[in-house]
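The next block is structure.txt, given as compact mmCIF, C-alpha atoms and all ligand atoms.
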# COMPACT_ATOMS: atom_id res chain seq x y z
CA MET A 64 227.70 -50.06 95.84
CA ALA A 65 229.59 -50.82 99.00
CA TYR A 66 229.27 -49.19 102.38
CA GLY A 67 229.48 -50.21 105.95
CA VAL A 68 226.51 -51.83 107.62
CA SER A 69 226.60 -53.24 111.11
CA ILE A 70 224.74 -56.47 111.66
CA MET A 71 222.90 -57.05 114.92
CA GLU A 72 223.10 -60.28 116.85
CA GLY A 73 220.57 -61.77 119.23
CA ASP A 74 218.61 -64.89 120.11
CA PHE A 75 215.38 -64.12 118.30
CA ASP A 76 213.76 -67.55 118.48
CA GLY A 77 214.68 -68.45 122.04
CA ASP A 78 216.70 -71.57 121.19
CA GLY A 79 219.77 -70.36 123.07
CA ASP A 80 221.79 -69.64 119.92
CA ASP A 81 222.17 -66.22 118.38
CA GLU A 82 220.87 -65.17 114.98
CA ILE A 83 221.84 -62.04 113.04
CA VAL A 84 219.85 -59.27 111.37
CA ILE A 85 221.35 -58.12 108.09
CA HIS A 86 220.51 -56.78 104.65
CA ALA A 87 222.48 -56.63 101.43
CA GLY A 88 223.04 -53.28 99.73
CA ALA A 89 219.80 -51.36 99.44
CA GLY A 90 217.33 -53.99 100.46
CA PHE A 91 215.13 -55.61 103.01
CA PRO A 92 216.31 -56.79 106.43
CA MET A 93 216.30 -60.48 107.21
CA ILE A 94 217.14 -62.70 110.15
CA LEU A 95 219.68 -65.44 109.45
CA ASP A 96 220.23 -68.49 111.63
CA GLY A 97 223.67 -69.64 112.68
CA ASP A 98 223.92 -72.03 109.73
CA GLY A 99 223.22 -69.21 107.26
CA SER A 100 219.65 -70.19 106.55
CA ARG A 101 217.06 -67.44 106.52
CA LEU A 102 214.56 -67.53 109.35
CA ARG A 103 212.44 -64.67 108.03
CA PHE A 104 212.38 -61.29 106.38
CA LEU A 105 211.40 -58.25 108.38
CA SER A 106 208.36 -57.19 106.42
CA PRO A 107 209.01 -54.34 103.96
CA LEU A 108 205.27 -53.61 103.77
CA THR A 109 204.45 -50.28 105.40
CA PHE A 110 200.92 -49.55 104.24
CA GLY A 111 198.67 -48.99 107.20
CA VAL A 112 195.79 -46.87 108.39
CA PHE A 113 197.28 -45.92 111.74
CA ASN A 114 200.84 -44.96 110.88
CA GLU A 115 201.70 -41.56 109.48
CA THR A 116 203.14 -42.50 106.11
CA ASP A 117 201.44 -43.35 102.84
CA GLU A 118 204.47 -45.23 101.58
CA ILE A 119 203.70 -48.85 100.75
CA ILE A 120 207.16 -50.41 100.96
CA MET A 121 210.28 -49.49 102.92
CA GLY A 122 213.86 -50.36 102.07
CA VAL A 123 216.98 -50.00 104.18
CA LEU A 124 220.11 -48.38 102.75
CA ALA A 125 223.12 -48.19 105.05
CA GLY A 126 221.01 -48.16 108.19
CA ASN A 127 222.09 -50.16 111.17
CA TYR A 128 219.96 -52.09 113.64
CA SER A 129 219.06 -51.90 117.27
CA ILE A 130 217.17 -54.37 119.43
CA GLY A 131 214.91 -53.79 122.39
CA ASP A 132 211.80 -55.01 124.19
CA LEU A 133 209.71 -52.00 123.22
CA ARG A 134 206.43 -53.21 124.74
CA GLY A 135 207.90 -54.74 127.87
CA ASN A 136 206.28 -58.09 127.12
CA GLY A 137 209.40 -60.13 126.42
CA ARG A 138 209.16 -59.91 122.63
CA LEU A 139 212.30 -58.49 121.09
CA CYS A 140 211.86 -55.79 118.47
CA VAL A 141 214.33 -54.79 115.77
CA THR A 142 214.57 -51.16 114.67
CA SER A 143 216.14 -49.55 111.64
CA ALA A 144 215.80 -46.48 109.44
CA GLY A 145 215.35 -46.35 105.70
CA VAL A 146 213.39 -44.85 102.85
CA GLY A 147 210.00 -45.33 101.26
CA SER A 148 209.77 -46.98 97.89
CA ARG A 149 208.97 -43.70 96.16
CA PHE A 150 212.58 -42.75 96.77
CA ALA A 151 213.41 -45.16 93.94
CA LEU A 152 211.15 -43.11 91.66
CA GLN A 153 213.09 -39.99 92.61
CA VAL A 154 216.27 -41.72 91.49
CA LEU A 155 214.70 -42.95 88.25
CA PHE A 156 213.09 -39.62 87.40
CA PRO A 157 215.45 -36.89 88.62
CA GLY A 158 213.98 -33.42 88.44
CA GLU A 159 210.45 -34.62 89.00
CA ARG A 160 208.71 -33.62 92.20
CA ILE A 161 207.97 -37.00 93.74
CA PRO A 162 207.24 -36.89 97.47
CA THR A 163 208.70 -39.63 99.60
CA ASP A 164 209.16 -40.34 103.29
CA ALA A 165 212.28 -41.19 105.21
CA LEU A 166 211.20 -43.73 107.79
CA VAL A 167 212.12 -45.33 111.08
CA ASN A 168 210.64 -48.77 111.56
CA ALA A 169 210.27 -51.36 114.30
CA TRP A 170 209.47 -55.03 113.75
CA TYR A 171 208.73 -57.96 116.04
CA ALA A 172 211.74 -60.23 115.67
CA ASP A 173 209.66 -63.39 116.21
CA THR A 174 207.25 -62.71 113.33
CA GLY A 175 208.96 -60.10 111.15
CA GLN A 176 205.82 -57.94 111.25
CA ARG A 177 206.07 -54.24 111.96
CA LEU A 178 204.62 -52.76 115.11
CA PHE A 179 201.08 -51.53 114.53
CA ASP A 180 201.78 -47.77 114.47
CA TRP A 181 205.10 -47.98 112.66
CA PRO A 182 207.00 -47.00 110.53
CA LEU A 183 207.28 -43.32 111.36
CA PRO A 184 208.29 -40.53 109.00
CA ILE A 185 211.32 -38.46 110.01
CA GLU A 186 213.07 -35.44 108.55
CA ASP A 187 215.81 -35.70 105.99
CA MET A 188 216.99 -38.84 104.29
CA GLN A 189 217.85 -41.77 106.53
CA PHE A 190 220.76 -43.03 104.50
CA SER A 191 222.55 -44.37 107.54
CA GLY A 192 222.29 -44.21 111.28
CA ASP A 193 221.55 -46.09 114.43
CA GLN A 194 218.85 -45.91 117.03
CA ALA A 195 219.47 -45.83 120.75
CA ILE A 196 216.85 -47.62 122.82
CA ALA A 197 216.29 -46.36 126.36
CA ASP A 198 213.50 -45.26 128.69
CA ILE A 199 213.77 -41.47 128.73
CA ASP A 200 210.46 -40.57 130.36
CA GLY A 201 210.51 -43.01 133.27
CA ASP A 202 207.41 -45.05 132.36
CA ALA A 203 209.48 -48.28 132.37
CA LEU A 204 209.05 -48.77 128.61
CA PRO A 205 211.90 -47.80 126.31
CA GLU A 206 211.76 -45.26 123.53
CA VAL A 207 213.50 -45.53 120.18
CA ILE A 208 215.79 -42.51 119.86
CA GLU A 209 216.73 -41.38 116.37
CA GLY A 210 218.40 -38.25 115.06
CA SER A 211 218.17 -36.59 111.68
CA ALA A 212 220.55 -34.41 109.71
CA GLY A 213 218.35 -31.45 110.60
CA SER A 214 219.79 -31.63 114.13
CA TYR A 215 216.50 -32.97 115.46
CA VAL A 216 216.44 -35.83 117.92
CA HIS A 217 213.24 -37.80 118.30
CA ALA A 218 212.19 -40.43 120.82
CA PHE A 219 209.27 -42.70 119.94
CA ASP A 220 207.54 -45.24 122.15
CA TYR A 221 206.08 -48.49 120.81
CA ARG A 222 202.94 -46.62 119.72
CA GLY A 223 205.03 -44.05 117.87
CA ARG A 224 204.26 -41.36 120.43
CA GLU A 225 206.90 -38.84 121.43
CA PRO A 226 207.06 -38.19 125.18
CA GLU A 227 207.36 -34.61 126.30
CA VAL A 228 210.94 -34.44 127.46
CA HIS A 229 212.86 -31.21 127.81
CA TRP A 230 216.22 -31.92 126.25
CA GLY A 231 217.49 -28.47 127.26
CA LEU A 232 220.37 -26.37 126.02
CA ASP A 233 222.63 -28.21 128.43
CA SER A 234 222.51 -31.17 126.07
CA LEU A 235 224.59 -29.09 123.65
CA PHE A 236 227.38 -29.21 126.21
CA GLY A 237 227.15 -32.89 127.00
CA ARG A 238 224.91 -32.79 130.05
CA CYS A 239 221.41 -34.17 130.42
CA ARG A 240 218.67 -33.13 132.80
CA CA A 301 218.20 -68.38 118.39
CA CA A 302 209.53 -44.62 128.25

Can the structure in the file be given as structure tokens, please?
Amino acid sequence: MAYGVSIMEGDFDGDGDDEIVIHAGAGFPMILDGDGSRLRFLSPLTFGVFNETDEIIMGVLAGNYSIGDLRGNGRLCVTSAGVGSRFALQVLFPGERIPTDALVNAWYADTGQRLFDWPLPIEDMQFSGDQAIADIDGDALPEVIEGSAGSYVHAFDYRGREPEVHWGLDSLFGRCR
């Protein structure tokens, strides 16, 4: 299967040279050094008590990456969207009712571990997409902004919380309040 995936470039280990985040096909993101060697995987393990999914593993399909300092502590985080591992069971057993979660995840680039409250379930299937990272509620910490095919737009902070922001009908016409 071939489809477009945008890699993301950044200096994730502070040595002054950029690395890239990439995955192959339907797989697990990894950080590659400039010489092509793998620095680390971004952990596919999603099982946790404090996030809102009961998926155990997450894979990335055609999702793209974004980078931001989500906690404001100088540690870069990588974000991407994907699917829970039970999606593979849906493919293997079509017609069966197998629940699965589409997910948005955020990892620390320097360890490859996910943020404590992540990944987060989101509507529809996250086959592709990008996240925008910006502070939309003025608390000086950025949110991860992700849309779904259901015409919903979510913004999550580093704890996975969604700030109360009135997007307004004006956003339909290209203006923000
Ligand atoms: Ca580097
Ligand atoms: Ca914020």

Task: 6 Å contact set for segment 100-113 of chain A, all atoms listed in the file, chain neighbours under 6 positions out, as a PyMOL selection string - done: chain A and resi 92-94+119-121+175-176+180

What does the list of residues within 6 Å of ligand CA 301 (chain A) look like if you count all atoms listed in the file, written as a PDB file with C-alpha atoms, in the frame of the given file?
ATOM      1  CA  ASP A  74     218.610 -64.890 120.110  1.00  0.00           C
ATOM      2  CA  PHE A  75     215.380 -64.120 118.300  1.00  0.00           C
ATOM      3  CA  ASP A  76     213.760 -67.550 118.480  1.00  0.00           C
ATOM      4  CA  GLY A  77     214.680 -68.450 122.040  1.00  0.00           C
ATOM      5  CA  ASP A  78     216.700 -71.570 121.190  1.00  0.00           C
ATOM      6  CA  GLY A  79     219.770 -70.360 123.070  1.00  0.00           C
ATOM      7  CA  ASP A  80     221.790 -69.640 119.920  1.00  0.00           C
ATOM      8  CA  ASP A  81     222.170 -66.220 118.380  1.00  0.00           C
ATOM      9  CA  GLU A  82     220.870 -65.170 114.980  1.00  0.00           C
TER      10      GLU A  82
END

Task: Pick from A:Ala165, A:Gly135, A:Gln194, A:Val216, whichever lies nearest to ligand CA 302 (chain A) using only C-alpha atoms and all ligand atoms - done: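 Result for the nearest residue to ligand CA 302 (chain A): A:Gly135.
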
Open item on the list: Please list, as number ranges by chain, the residues that have an atom at most 10 Å away from (210.1, -40.0, 129.8) in the coordinates of this file, counting all atoms listed in the file.
Closed with: A: 197-206, 218, 220, 225-229

Open item on the list: Please list as a PyMOL selection string every residue within 12 Å of Gly145 of chain A, counting all atoms listed in the file and excluding residues in the same chain fewer than 6 positions away.
Closed with: chain A and resi 86+88-92+107+109+118+120-128+151+163-169+182-194+209+211

Task: Computed interatomic separation between atom CA of Asp96 of chain A and atom CA of Ser148 of chain A (Å) - done: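 These atoms are spaced 27.6 Å apart.
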
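Coordinates place atom CA of Asn114 of chain A at a distance of 9.2 Å from atom CA of Arg222 of chain A.
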